[in-house]
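File shown here: start33.cif, holding mmCIF, C-alpha atoms and all ligand atoms.
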```
data_target
#
loop_
_atom_site.label_atom_id
_atom_site.label_comp_id
_atom_site.auth_asym_id
_atom_site.auth_seq_id
_atom_site.Cartn_x
_atom_site.Cartn_y
_atom_site.Cartn_z
CA MET A 227 -1.96 -10.87 7.28
CA ALA A 228 0.26 -7.98 6.23
CA PHE A 229 0.84 -4.83 8.30
CA LEU A 230 -0.84 -2.61 5.70
CA ASP A 231 -3.28 -4.38 3.42
CA ILE A 232 -4.84 -2.56 0.48
CA ARG A 233 -7.66 -4.49 -1.14
CA ASN A 234 -9.45 -3.84 -4.40
CA LEU A 235 -9.20 -0.06 -4.12
CA ARG A 236 -11.07 2.04 -6.67
CA LYS A 237 -11.13 5.82 -7.01
CA THR A 238 -12.73 7.85 -9.76
CA TYR A 239 -12.86 11.57 -10.47
CA GLY A 240 -15.97 12.04 -12.60
CA SER A 241 -15.42 9.79 -15.58
CA ALA A 242 -11.66 9.52 -14.95
CA VAL A 243 -10.58 6.33 -13.18
CA ALA A 244 -7.55 7.11 -11.00
CA LEU A 245 -7.34 3.69 -9.29
CA GLU A 246 -8.96 0.43 -10.34
CA GLY A 247 -8.74 -2.88 -8.48
CA VAL A 248 -5.54 -1.97 -6.62
CA ASP A 249 -4.23 -4.64 -4.22
CA LEU A 250 -1.01 -4.18 -2.26
CA SER A 251 0.29 -5.76 0.94
CA ILE A 252 3.10 -4.09 2.86
CA GLU A 253 4.99 -5.66 5.76
CA GLU A 254 5.96 -3.73 8.88
CA GLY A 255 9.34 -2.04 8.43
CA GLU A 256 9.38 -2.43 4.65
CA PHE A 257 10.47 0.27 2.20
CA VAL A 258 7.99 0.07 -0.66
CA THR A 259 8.11 2.39 -3.66
CA LEU A 260 5.15 3.25 -5.88
CA LEU A 261 6.70 3.73 -9.32
CA GLY A 262 4.95 4.75 -12.51
CA PRO A 263 4.49 7.44 -15.13
CA SER A 264 2.69 10.72 -14.55
CA GLY A 265 -1.04 10.30 -13.98
CA SER A 266 -0.84 6.56 -13.24
CA GLY A 267 -2.38 6.89 -9.75
CA LYS A 268 0.61 6.93 -7.37
CA THR A 269 -0.40 10.05 -5.45
CA THR A 270 -4.03 8.92 -5.37
CA LEU A 271 -3.00 5.68 -3.65
CA LEU A 272 -0.64 7.47 -1.24
CA MET A 273 -3.36 9.99 -0.32
CA SER A 274 -5.84 7.16 0.15
CA ILE A 275 -3.40 5.53 2.57
CA ALA A 276 -2.95 8.91 4.31
CA GLY A 277 -6.72 9.38 4.55
CA PHE A 278 -6.93 12.61 2.55
CA THR A 279 -8.51 10.85 -0.42
CA ARG A 280 -11.64 8.73 0.06
CA PRO A 281 -11.70 5.70 -2.23
CA ASP A 282 -15.04 4.90 -3.92
CA SER A 283 -14.71 1.27 -2.86
CA GLY A 284 -12.20 -1.20 -1.48
CA THR A 285 -10.58 -1.55 1.91
CA ILE A 286 -7.41 -0.43 3.69
CA LEU A 287 -6.46 -2.54 6.70
CA LEU A 288 -3.79 -1.59 9.23
CA ASP A 289 -2.79 -4.46 11.52
CA GLY A 290 -6.08 -6.10 10.61
CA ALA A 291 -8.25 -3.08 11.49
CA ASP A 292 -10.28 -1.38 8.76
CA ILE A 293 -9.05 2.24 8.50
CA THR A 294 -10.64 3.07 5.14
CA ARG A 295 -12.90 5.70 6.73
CA VAL A 296 -10.64 6.80 9.61
CA ASP A 297 -9.69 10.51 9.62
CA PRO A 298 -6.09 11.32 8.58
CA GLU A 299 -5.14 12.73 12.00
CA ASP A 300 -6.24 9.50 13.69
CA ARG A 301 -4.06 7.30 11.48
CA ASP A 302 -0.75 8.51 12.93
CA PHE A 303 1.08 8.42 9.59
CA GLY A 304 3.86 10.87 8.73
CA LEU A 305 3.63 12.65 5.39
CA VAL A 306 6.34 14.36 3.31
CA PHE A 307 5.51 16.18 0.08
CA GLN A 308 7.63 17.46 -2.76
CA GLY A 309 7.10 21.06 -1.62
CA TYR A 310 8.41 21.00 1.93
CA ALA A 311 5.43 22.91 3.43
CA LEU A 312 7.51 24.09 6.39
CA PHE A 313 6.20 26.84 8.67
CA PRO A 314 8.30 29.81 7.50
CA HIS A 315 8.05 31.77 10.76
CA LEU A 316 9.13 28.82 12.95
CA THR A 317 12.72 27.71 13.56
CA VAL A 318 13.94 24.28 12.52
CA ALA A 319 13.48 23.02 16.10
CA ASP A 320 9.96 24.46 16.34
CA ASN A 321 8.97 22.98 12.97
CA ILE A 322 10.00 19.57 14.27
CA ALA A 323 8.28 20.21 17.62
CA PHE A 324 5.02 21.24 15.97
CA PRO A 325 3.38 17.80 15.61
CA LEU A 326 4.40 17.01 19.20
CA ARG A 327 2.72 20.19 20.51
CA VAL A 328 -0.40 19.29 18.52
CA ARG A 329 -0.32 15.92 20.28
CA LYS A 330 0.01 17.70 23.65
CA TRP A 331 3.31 16.15 24.65
CA ASP A 332 4.81 17.84 27.74
CA ARG A 333 7.68 20.30 27.40
CA ALA A 334 10.49 18.08 28.64
CA ARG A 335 9.47 15.20 26.41
CA ILE A 336 9.23 17.52 23.39
CA ALA A 337 12.68 18.99 24.06
CA ALA A 338 14.22 15.54 24.36
CA ARG A 339 12.54 14.22 21.23
CA VAL A 340 13.40 17.31 19.14
CA GLY A 341 17.04 16.85 20.17
CA GLU A 342 16.94 13.23 19.02
CA VAL A 343 15.29 14.04 15.70
CA LEU A 344 17.70 16.93 14.97
CA LYS A 345 20.57 14.47 15.39
CA LEU A 346 18.82 11.81 13.33
CA VAL A 347 18.42 14.15 10.34
CA GLY A 348 21.80 15.86 10.85
CA LEU A 349 20.48 19.33 11.70
CA ASP A 350 21.60 19.73 15.32
CA GLN A 351 23.83 22.67 14.35
CA LEU A 352 21.00 24.49 12.54
CA ALA A 353 18.19 24.15 15.11
CA ALA A 354 17.70 27.92 15.53
CA ARG A 355 17.52 28.79 11.81
CA LYS A 356 14.37 29.66 9.91
CA PRO A 357 13.51 27.67 6.76
CA ARG A 358 14.52 30.55 4.44
CA GLU A 359 18.05 30.32 5.87
CA LEU A 360 18.40 26.69 4.74
CA SER A 361 19.30 24.99 1.47
CA GLY A 362 16.74 22.85 -0.35
CA GLY A 363 18.26 19.65 0.99
CA GLN A 364 18.30 20.99 4.54
CA GLN A 365 14.66 22.05 4.24
CA GLN A 366 13.81 18.57 3.05
CA ARG A 367 15.55 17.13 6.13
CA VAL A 368 13.41 19.34 8.36
CA ALA A 369 10.26 18.07 6.60
CA ILE A 370 11.39 14.47 7.05
CA GLY A 371 12.33 15.08 10.69
CA ARG A 372 8.95 16.70 11.36
CA ALA A 373 7.16 13.73 9.80
CA LEU A 374 9.18 11.23 11.86
CA ALA A 375 9.10 13.15 15.16
CA PHE A 376 5.98 11.64 16.71
CA GLY A 377 6.96 8.08 15.81
CA PRO A 378 4.54 7.46 12.94
CA LYS A 379 3.42 3.92 12.13
CA ILE A 380 4.12 4.62 8.47
CA LEU A 381 6.02 7.39 6.66
CA LEU A 382 4.43 8.39 3.35
CA LEU A 383 6.65 10.31 0.92
CA ASP A 384 5.42 11.81 -2.37
CA GLU A 385 8.34 12.61 -4.70
CA PRO A 386 10.20 14.35 -1.86
CA LEU A 387 13.50 14.58 -3.74
CA SER A 388 12.38 15.68 -7.17
CA ALA A 389 13.21 19.37 -6.63
CA LEU A 390 16.81 18.63 -5.62
CA ASP A 391 19.79 18.54 -7.97
CA ARG A 392 21.30 15.20 -8.91
CA LYS A 393 24.12 15.17 -6.37
CA LEU A 394 21.93 16.23 -3.47
CA ARG A 395 19.31 13.72 -4.53
CA ASP A 396 21.83 10.88 -4.42
CA ALA A 397 22.92 12.01 -0.96
CA MET A 398 19.32 12.25 0.27
CA GLN A 399 18.55 8.79 -1.11
CA ARG A 400 21.31 7.34 1.03
CA GLU A 401 20.07 9.46 3.93
CA LEU A 402 16.51 8.14 3.58
CA LYS A 403 17.81 4.58 3.45
CA ARG A 404 19.76 5.18 6.63
CA LEU A 405 16.73 6.78 8.35
CA HIS A 406 14.62 3.82 7.30
CA GLN A 407 17.11 1.37 8.77
CA GLU A 408 17.67 3.34 11.98
CA THR A 409 14.00 4.00 12.74
CA GLY A 410 12.50 0.72 11.50
CA VAL A 411 9.46 2.72 10.33
CA THR A 412 7.52 1.44 7.30
CA PHE A 413 8.20 3.73 4.31
CA VAL A 414 5.89 4.15 1.31
CA PHE A 415 7.68 6.29 -1.25
CA VAL A 416 6.35 7.67 -4.54
CA THR A 417 8.54 8.40 -7.54
CA HIS A 418 8.49 8.25 -11.33
CA ASP A 419 12.28 7.76 -11.38
CA GLN A 420 13.23 4.08 -11.69
CA GLU A 421 16.82 4.60 -10.53
CA GLU A 422 15.59 6.25 -7.37
CA ALA A 423 13.23 3.31 -6.83
CA TYR A 424 16.03 0.77 -7.40
CA ALA A 425 18.41 2.56 -5.04
CA MET A 426 16.17 2.59 -1.98
CA SER A 427 13.38 0.05 -2.08
CA ASP A 428 12.86 -3.39 -0.61
CA ARG A 429 10.03 -3.76 -3.11
CA ILE A 430 8.65 -1.73 -5.98
CA ALA A 431 5.02 -1.60 -7.10
CA VAL A 432 4.82 -0.55 -10.76
CA PHE A 433 1.76 1.51 -11.76
CA GLN A 434 0.15 1.64 -15.17
CA SER A 435 -3.06 3.64 -15.70
CA GLY A 436 -4.49 3.21 -12.21
CA ASN A 437 -3.37 -0.38 -11.76
CA ILE A 438 -0.42 -2.04 -10.07
CA VAL A 439 0.92 -4.27 -12.83
CA GLN A 440 3.94 -5.78 -11.07
CA VAL A 441 5.32 -5.94 -7.53
CA GLY A 442 8.76 -7.23 -6.65
CA SER A 443 12.27 -6.52 -5.47
CA PRO A 444 14.26 -4.07 -7.64
CA ARG A 445 16.39 -6.95 -8.97
CA ASP A 446 13.40 -9.14 -9.79
CA ILE A 447 11.58 -6.36 -11.60
CA TYR A 448 14.68 -5.33 -13.51
CA ARG A 449 15.65 -8.88 -14.49
CA ALA A 450 12.16 -10.21 -15.15
CA PRO A 451 9.71 -7.51 -16.22
CA GLY A 452 6.25 -9.03 -16.55
CA SER A 453 5.05 -7.02 -19.52
CA ARG A 454 6.17 -4.86 -22.40
CA PHE A 455 5.07 -1.79 -20.44
CA VAL A 456 7.21 -2.66 -17.40
CA ALA A 457 10.17 -3.69 -19.55
CA GLY A 458 9.97 -0.38 -21.41
CA PHE A 459 9.24 1.86 -18.43
CA LEU A 460 12.13 0.51 -16.38
CA GLY A 461 14.30 2.10 -18.94
CA GLY A 462 16.96 1.53 -21.45
CA ASN A 463 15.93 -2.00 -22.38
CA ASN A 464 16.02 -3.28 -25.97
CA ILE A 465 12.60 -4.74 -26.69
CA VAL A 466 12.66 -6.41 -30.09
CA SER A 467 10.83 -8.89 -32.29
CA ALA A 468 11.99 -12.45 -32.90
CA LYS A 469 10.60 -15.66 -34.37
CA ALA A 470 10.18 -18.78 -32.26
CA GLY A 471 10.23 -22.01 -34.31
CA PRO A 472 10.58 -25.62 -33.15
CA GLY A 473 13.77 -25.71 -31.07
CA GLU A 474 15.09 -22.60 -32.77
CA LEU A 475 15.05 -18.83 -32.30
CA ASP A 476 15.43 -16.42 -35.20
CA LEU A 477 16.73 -13.14 -33.80
CA PHE A 478 17.98 -10.30 -36.05
CA GLY A 479 18.18 -12.81 -38.89
CA VAL A 480 20.54 -15.04 -36.86
CA ARG A 481 19.34 -18.56 -36.05
CA LEU A 482 20.26 -20.08 -32.72
CA PRO A 483 19.19 -23.03 -30.58
CA MET A 484 16.21 -21.96 -28.48
CA PRO A 485 17.48 -20.70 -25.07
CA ALA A 486 16.35 -22.66 -21.98
CA ALA A 487 14.37 -19.69 -20.60
CA TYR A 488 11.81 -20.00 -23.38
CA GLU A 489 8.44 -21.58 -22.60
CA ALA A 490 6.14 -21.93 -25.58
CA ALA A 491 2.97 -21.85 -23.45
CA ARG A 492 3.92 -18.52 -21.81
CA HIS A 493 5.89 -16.77 -24.49
CA GLY A 494 4.01 -17.93 -27.60
CA SER A 495 5.36 -19.17 -30.88
CA GLY A 496 5.85 -17.57 -34.27
CA ALA A 497 6.36 -13.80 -33.88
CA ILE A 498 7.34 -13.14 -30.25
CA THR A 499 8.86 -10.29 -28.23
CA VAL A 500 12.21 -10.56 -26.48
CA TRP A 501 14.59 -8.20 -24.75
CA VAL A 502 18.34 -7.86 -24.45
CA ARG A 503 19.80 -5.42 -21.90
CA PRO A 504 22.25 -2.82 -23.23
CA GLU A 505 24.80 -3.75 -20.57
CA ASP A 506 24.68 -7.43 -21.64
CA ILE A 507 25.77 -6.65 -25.21
CA THR A 508 29.38 -6.31 -26.29
CA LEU A 509 30.56 -4.41 -29.31
CA GLY A 510 32.97 -5.97 -31.80
CA GLU A 511 34.60 -9.25 -30.90
CA ALA A 512 32.26 -11.42 -28.85
CA ALA A 513 32.95 -14.02 -26.16
CA PRO A 514 32.92 -17.72 -27.15
CA GLY A 515 29.36 -19.06 -27.24
CA ALA A 516 27.87 -15.62 -27.79
CA VAL A 517 25.27 -14.84 -30.44
CA THR A 518 27.06 -12.65 -32.99
CA VAL A 519 24.98 -10.21 -35.04
CA PRO A 520 26.24 -8.04 -37.90
CA VAL A 521 25.12 -4.43 -37.45
CA THR A 522 25.57 -0.92 -38.78
CA VAL A 523 26.33 1.89 -36.32
CA ALA A 524 23.59 4.54 -36.27
CA ASP A 525 24.71 6.79 -33.43
CA VAL A 526 27.42 7.10 -30.76
CA SER A 527 26.71 9.27 -27.69
CA PHE A 528 29.03 9.91 -24.79
CA VAL A 529 27.07 9.35 -21.56
CA GLY A 530 29.78 9.91 -18.96
CA THR A 531 30.73 6.46 -17.69
CA SER A 532 30.41 4.84 -21.12
CA GLU A 533 29.29 5.34 -24.71
CA ARG A 534 25.72 4.66 -25.72
CA VAL A 535 25.92 3.15 -29.18
CA THR A 536 22.79 2.67 -31.28
CA VAL A 537 23.10 0.10 -34.04
CA ALA A 538 20.79 -1.18 -36.79
CA THR A 539 20.47 -4.90 -37.47
CA ALA A 540 20.10 -6.42 -40.94
CA ASP A 541 16.39 -7.07 -40.31
CA GLY A 542 15.80 -3.37 -39.63
CA GLN A 543 15.61 -3.36 -35.82
CA GLU A 544 17.49 -1.03 -33.49
CA LEU A 545 19.65 -1.99 -30.53
CA THR A 546 21.26 0.14 -27.87
CA VAL A 547 24.60 -0.99 -26.48
CA LEU A 548 26.40 0.48 -23.47
CA ALA A 549 30.08 0.13 -24.27
CA PRO A 550 33.25 1.19 -22.45
CA SER A 551 34.55 4.31 -24.19
CA ALA A 552 37.71 2.51 -25.36
CA SER A 553 35.77 -0.07 -27.40
CA ALA A 554 33.59 2.56 -29.11
CA ARG A 555 36.24 5.20 -29.77
CA ASP A 556 36.73 4.57 -33.46
CA LEU A 557 33.10 3.98 -34.34
CA ALA A 558 31.23 6.46 -36.48
CA PRO A 559 27.70 6.34 -37.90
CA GLY A 560 27.64 4.10 -40.96
CA ALA A 561 30.43 1.80 -39.76
CA ALA A 562 29.86 -1.95 -40.04
CA THR A 563 30.62 -4.04 -36.96
CA THR A 564 29.15 -6.85 -34.89
CA VAL A 565 27.49 -7.07 -31.51
CA GLY A 566 27.46 -10.13 -29.28
CA PHE A 567 25.45 -11.36 -26.32
CA SER A 568 25.03 -14.61 -24.45
CA PRO A 569 21.92 -16.65 -25.37
CA ALA A 570 21.22 -16.74 -21.60
CA SER A 571 20.83 -12.94 -21.56
CA ILE A 572 17.84 -13.05 -23.92
CA GLY A 573 14.61 -12.34 -21.98
CA PHE A 574 11.20 -13.48 -23.17
CA LEU A 575 8.04 -11.45 -22.67
CA ALA A 576 4.87 -13.28 -21.78
CA ARG A 577 2.35 -13.15 -24.64
CA GLU A 578 -0.20 -10.40 -23.92
N1 LIG B 1 -8.51 16.01 -7.61
C1 LIG B 1 -8.58 15.44 -8.83
N2 LIG B 1 -9.58 15.72 -9.67
C2 LIG B 1 -9.68 15.13 -10.88
N3 LIG B 1 -8.80 14.23 -11.35
C3 LIG B 1 -7.78 13.90 -10.56
C4 LIG B 1 -7.60 14.49 -9.26
N4 LIG B 1 -6.49 13.97 -8.71
C5 LIG B 1 -5.98 13.10 -9.62
N5 LIG B 1 -6.76 13.06 -10.73
C6 LIG B 1 -6.54 12.22 -11.91
O1 LIG B 1 -6.31 10.88 -11.48
C7 LIG B 1 -5.26 10.27 -12.20
C8 LIG B 1 -4.16 9.82 -11.27
O2 LIG B 1 -3.56 10.97 -10.69
P1 LIG B 1 -2.36 10.90 -9.65
O3 LIG B 1 -2.15 12.27 -9.11
O4 LIG B 1 -2.64 9.83 -8.66
O5 LIG B 1 -1.15 10.46 -10.58
P2 LIG B 1 0.41 10.32 -10.24
O6 LIG B 1 0.79 8.94 -10.63
O7 LIG B 1 0.68 10.76 -8.86
O8 LIG B 1 1.06 11.32 -11.29
P3 LIG B 1 2.34 12.33 -11.14
O9 LIG B 1 3.56 11.47 -11.34
O10 LIG B 1 2.15 13.27 -12.28
O11 LIG B 1 2.28 12.97 -9.81
C9 LIG B 1 -4.79 11.31 -13.23
O12 LIG B 1 -5.42 11.03 -14.45
C10 LIG B 1 -5.28 12.61 -12.65
O13 LIG B 1 -5.56 13.54 -13.67
MG MG B 2 1.76 12.35 -8.03
#
```
Show how you would write the structure in this file as structure tokens.
Amino acid sequence: MAFLDIRNLRKTYGSAVALEGVDLSIEEGEFVTLLGPSGSGKTTLLMSIAGFTRPDSGTILLDGADITRVDPEDRDFGLVFQGYALFPHLTVADNIAFPLRVRKWDRARIAARVGEVLKLVGLDQLAARKPRELSGGQQQRVAIGRALAFGPKILLLDEPLSALDRKLRDAMQRELKRLHQETGVTFVFVTHDQEEAYAMSDRIAVFQSGNIVQVGSPRDIYRAPGSRFVAGFLGGNNIVSAKAGPGELDLFGVRLPMPAAYEAARHGSGAITVWVRPEDITLGEAAPGAVTVPVTVADVSFVGTSERVTVATADGQELTVLAPSASARDLAPGAATTVGFSPASIGFLARE
């Protein structure tokens, strides 16, 4: 039995179904991210775990005990929102002490614990400041410190970094990872940003319209998306049509021996869907053994670390390639070139 076990959860708002048949098991000490587009049910699940949302049916078990109808304050979970919801008139130290006072800890124990938490979140120099005297990232640290102060069984975080700029967000992601490792607390983190999910999570649960459609490690989900939706949502992937014949794959009008990853029973035959990752494609001269496809350049965009080159294949499909700037320098829209990729890098989508 898992530490937190969510079984067949359903939640509706009038005729709108926010969650439908949601199952998720989380182990103690895990960092699990709920990832999905806007409106897919992430916050509804998080709030059901927190106890602020009552599911219509289904069960939430903590350490084997049914907590589906337990009040939020009796669950002992920490909660961090996107808006920090700090008490503006209280200092940093008093914000962190607040949940301990509510729990009637004695003075000495509160002082000791606040000192520990201030160190943990790197705010020991700013203990006497008020929230308005802090940057956004510092305010977020206070909110995280306050949520961790009483030693919650689980820390629930709903898009806590989305208001921060890119650089600060990267720093806070590393910070959250460190806090997770140092405290050993189970983290359930909500985001719609796949890179954020990849960077921090032990496992990711991908949401689509009120359902969890895939659960796995970041690498597993990235390398083996289970559906067109997941493959597309995880970003940047080339999802294209191909033809599967006996022992042969017809891709972009190029015929090649069917790659070993193909299973007729799962992936279908005739018109099928495959993917090739932009970072697995080279532009121009290809490595020996690669599939080589003649293409026409449609667009070249500088994206910082590389160039994102969009090309059109002879059979009218589009491919995105991430190429080192040097290899794309002389390319302009309309230019004829080739792209290459290893047959082993072709992914097959299960027939839906
Ligand atoms: N209090 C509510 N009343 C009515 N409908 C609601 C309520 N809360 C959520 N919903 C609906 O339930 C669905 C799931 O909402 P939820 O807030 O869980 O999505 P989300 O994945 O967190 O989205 P976002 O990324 O935009 O925060 C949406 O269609 C939403 O409109
Ligand atoms: Mg939400």
Near segment 390-393 of chain A, counting all atoms listed in the file, which residues have an atom at most 10 Å away, once you skip same-chain residues fewer than 2 positions from it, shown as a compact mmCIF listing (two decimals) with C-alpha atoms, keeping the file's coordinate frame?
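File around.txt, as written:
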```
# COMPACT_ATOMS: atom_id res chain seq x y z
CA GLN A 308 7.63 17.46 -2.76
CA SER A 361 19.30 24.99 1.47
CA GLY A 362 16.74 22.85 -0.35
CA GLY A 363 18.26 19.65 0.99
CA GLN A 366 13.81 18.57 3.05
CA PRO A 386 10.20 14.35 -1.86
CA LEU A 387 13.50 14.58 -3.74
CA SER A 388 12.38 15.68 -7.17
CA ARG A 395 19.31 13.72 -4.53
CA ASP A 396 21.83 10.88 -4.42
CA ALA A 397 22.92 12.01 -0.96
CA MET A 398 19.32 12.25 0.27
CA GLN A 399 18.55 8.79 -1.11
```
Residues up to 7 Å from ligand MG 2 (chain B), counting only C-alpha atoms and all ligand atoms: could you list those as a PyMOL selection string?
chain A and resi 264-265+268-269+384
Which residues come within 9 Å of segment 247-249 of chain A, counting only C-alpha atoms, excluding same-chain residues fewer than 6 positions away, as a ChimeraX atom specification?
/A:231-236,271,284,436-438
Within-10 Å residues of ligand LIG 1 (chain B), basis all atoms listed in the file, as a ChimeraX atom specification
/A:237-245,260-274,279,308,384-385,416-419,433-436
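Among A:Tyr488, A:Phe324, A:Phe478, A:Phe413, the residue with the shortest atom-to-atom distance to Gly566 of chain A, counting all atoms listed in the file, is A:Phe478.
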With distances taken over all atoms listed in the file, which of A:Asp302, A:Asp428, A:Glu342, A:Asp320 is nearest to Leu288 of chain A?
A:Asp302
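Excluding Thr259 of chain A itself and same-chain residues fewer than 5 positions from it, the residues having an atom within 7 Å of it are Val414, Phe415, Val416, Ala423, Ser427, Arg429, Ile430 and Ala431 of chain A, counting all atoms listed in the file.
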Using only C-alpha atoms, please write the residues we just selected to a file, as a PDB file, keeping the file's coordinate frame.
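Contents of part-v3.pdb, as written:
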```pdb
ATOM      1  CA  VAL A 414       5.890   4.150   1.310  1.00  0.00           C
ATOM      2  CA  PHE A 415       7.680   6.290  -1.250  1.00  0.00           C
ATOM      3  CA  VAL A 416       6.350   7.670  -4.540  1.00  0.00           C
ATOM      4  CA  ALA A 423      13.230   3.310  -6.830  1.00  0.00           C
ATOM      5  CA  SER A 427      13.380   0.050  -2.080  1.00  0.00           C
ATOM      6  CA  ARG A 429      10.030  -3.760  -3.110  1.00  0.00           C
ATOM      7  CA  ILE A 430       8.650  -1.730  -5.980  1.00  0.00           C
ATOM      8  CA  ALA A 431       5.020  -1.600  -7.100  1.00  0.00           C
TER       9      ALA A 431
END
```
Would you mind listing what lies within 10 Å of Gly515 of chain A as a list in words, with only C-alpha atoms counted and same-chain residues fewer than 6 positions away left out?
Gly566, Phe567, Ser568 and Pro569 of chain A
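Using only C-alpha atoms, the residues found no farther than 10 Å from Val480 of chain A, other than those of its own chain fewer than 6 positions away, are Ala468, Val517, Thr518, Val519, Pro520, Ala540 and Asp541 of chain A.
Ranking A:Leu575, A:Trp331, A:Ser453, A:Gly479 by their shortest atom-to-atom distance to Val432 of chain A, with all atoms listed in the file included, puts A:Ser453 first.
Each of A:Leu548, A:Ile465, A:Ile572, A:Val565 was checked against Val521 of chain A using all atoms listed in the file; the smallest atom-to-atom distance is that of A:Val565.
With distances restricted to all atoms listed in the file, A:Arg577 is the closest residue to Val500 of chain A from A:Arg555, A:Arg577, A:Arg481, A:Lys356.
The space between atom CA of Ala558 of chain A and atom CA of Val523 of chain A spans 6.7 Å.
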Atomic separation - atom CA of Ala319 of chain A relative to atom CA of Val340 of chain A, Å:
6.5 Å
The residue from A:Phe257, A:Phe455, A:Trp501, A:Tyr448 with the smallest atom-to-atom distance to Glu544 of chain A, counting only C-alpha atoms, is A:Trp501
In Å, with one decimal, what is the gap from atom CA of Ala554 of chain A to atom CA of Pro514 of chain A?
20.4 Å
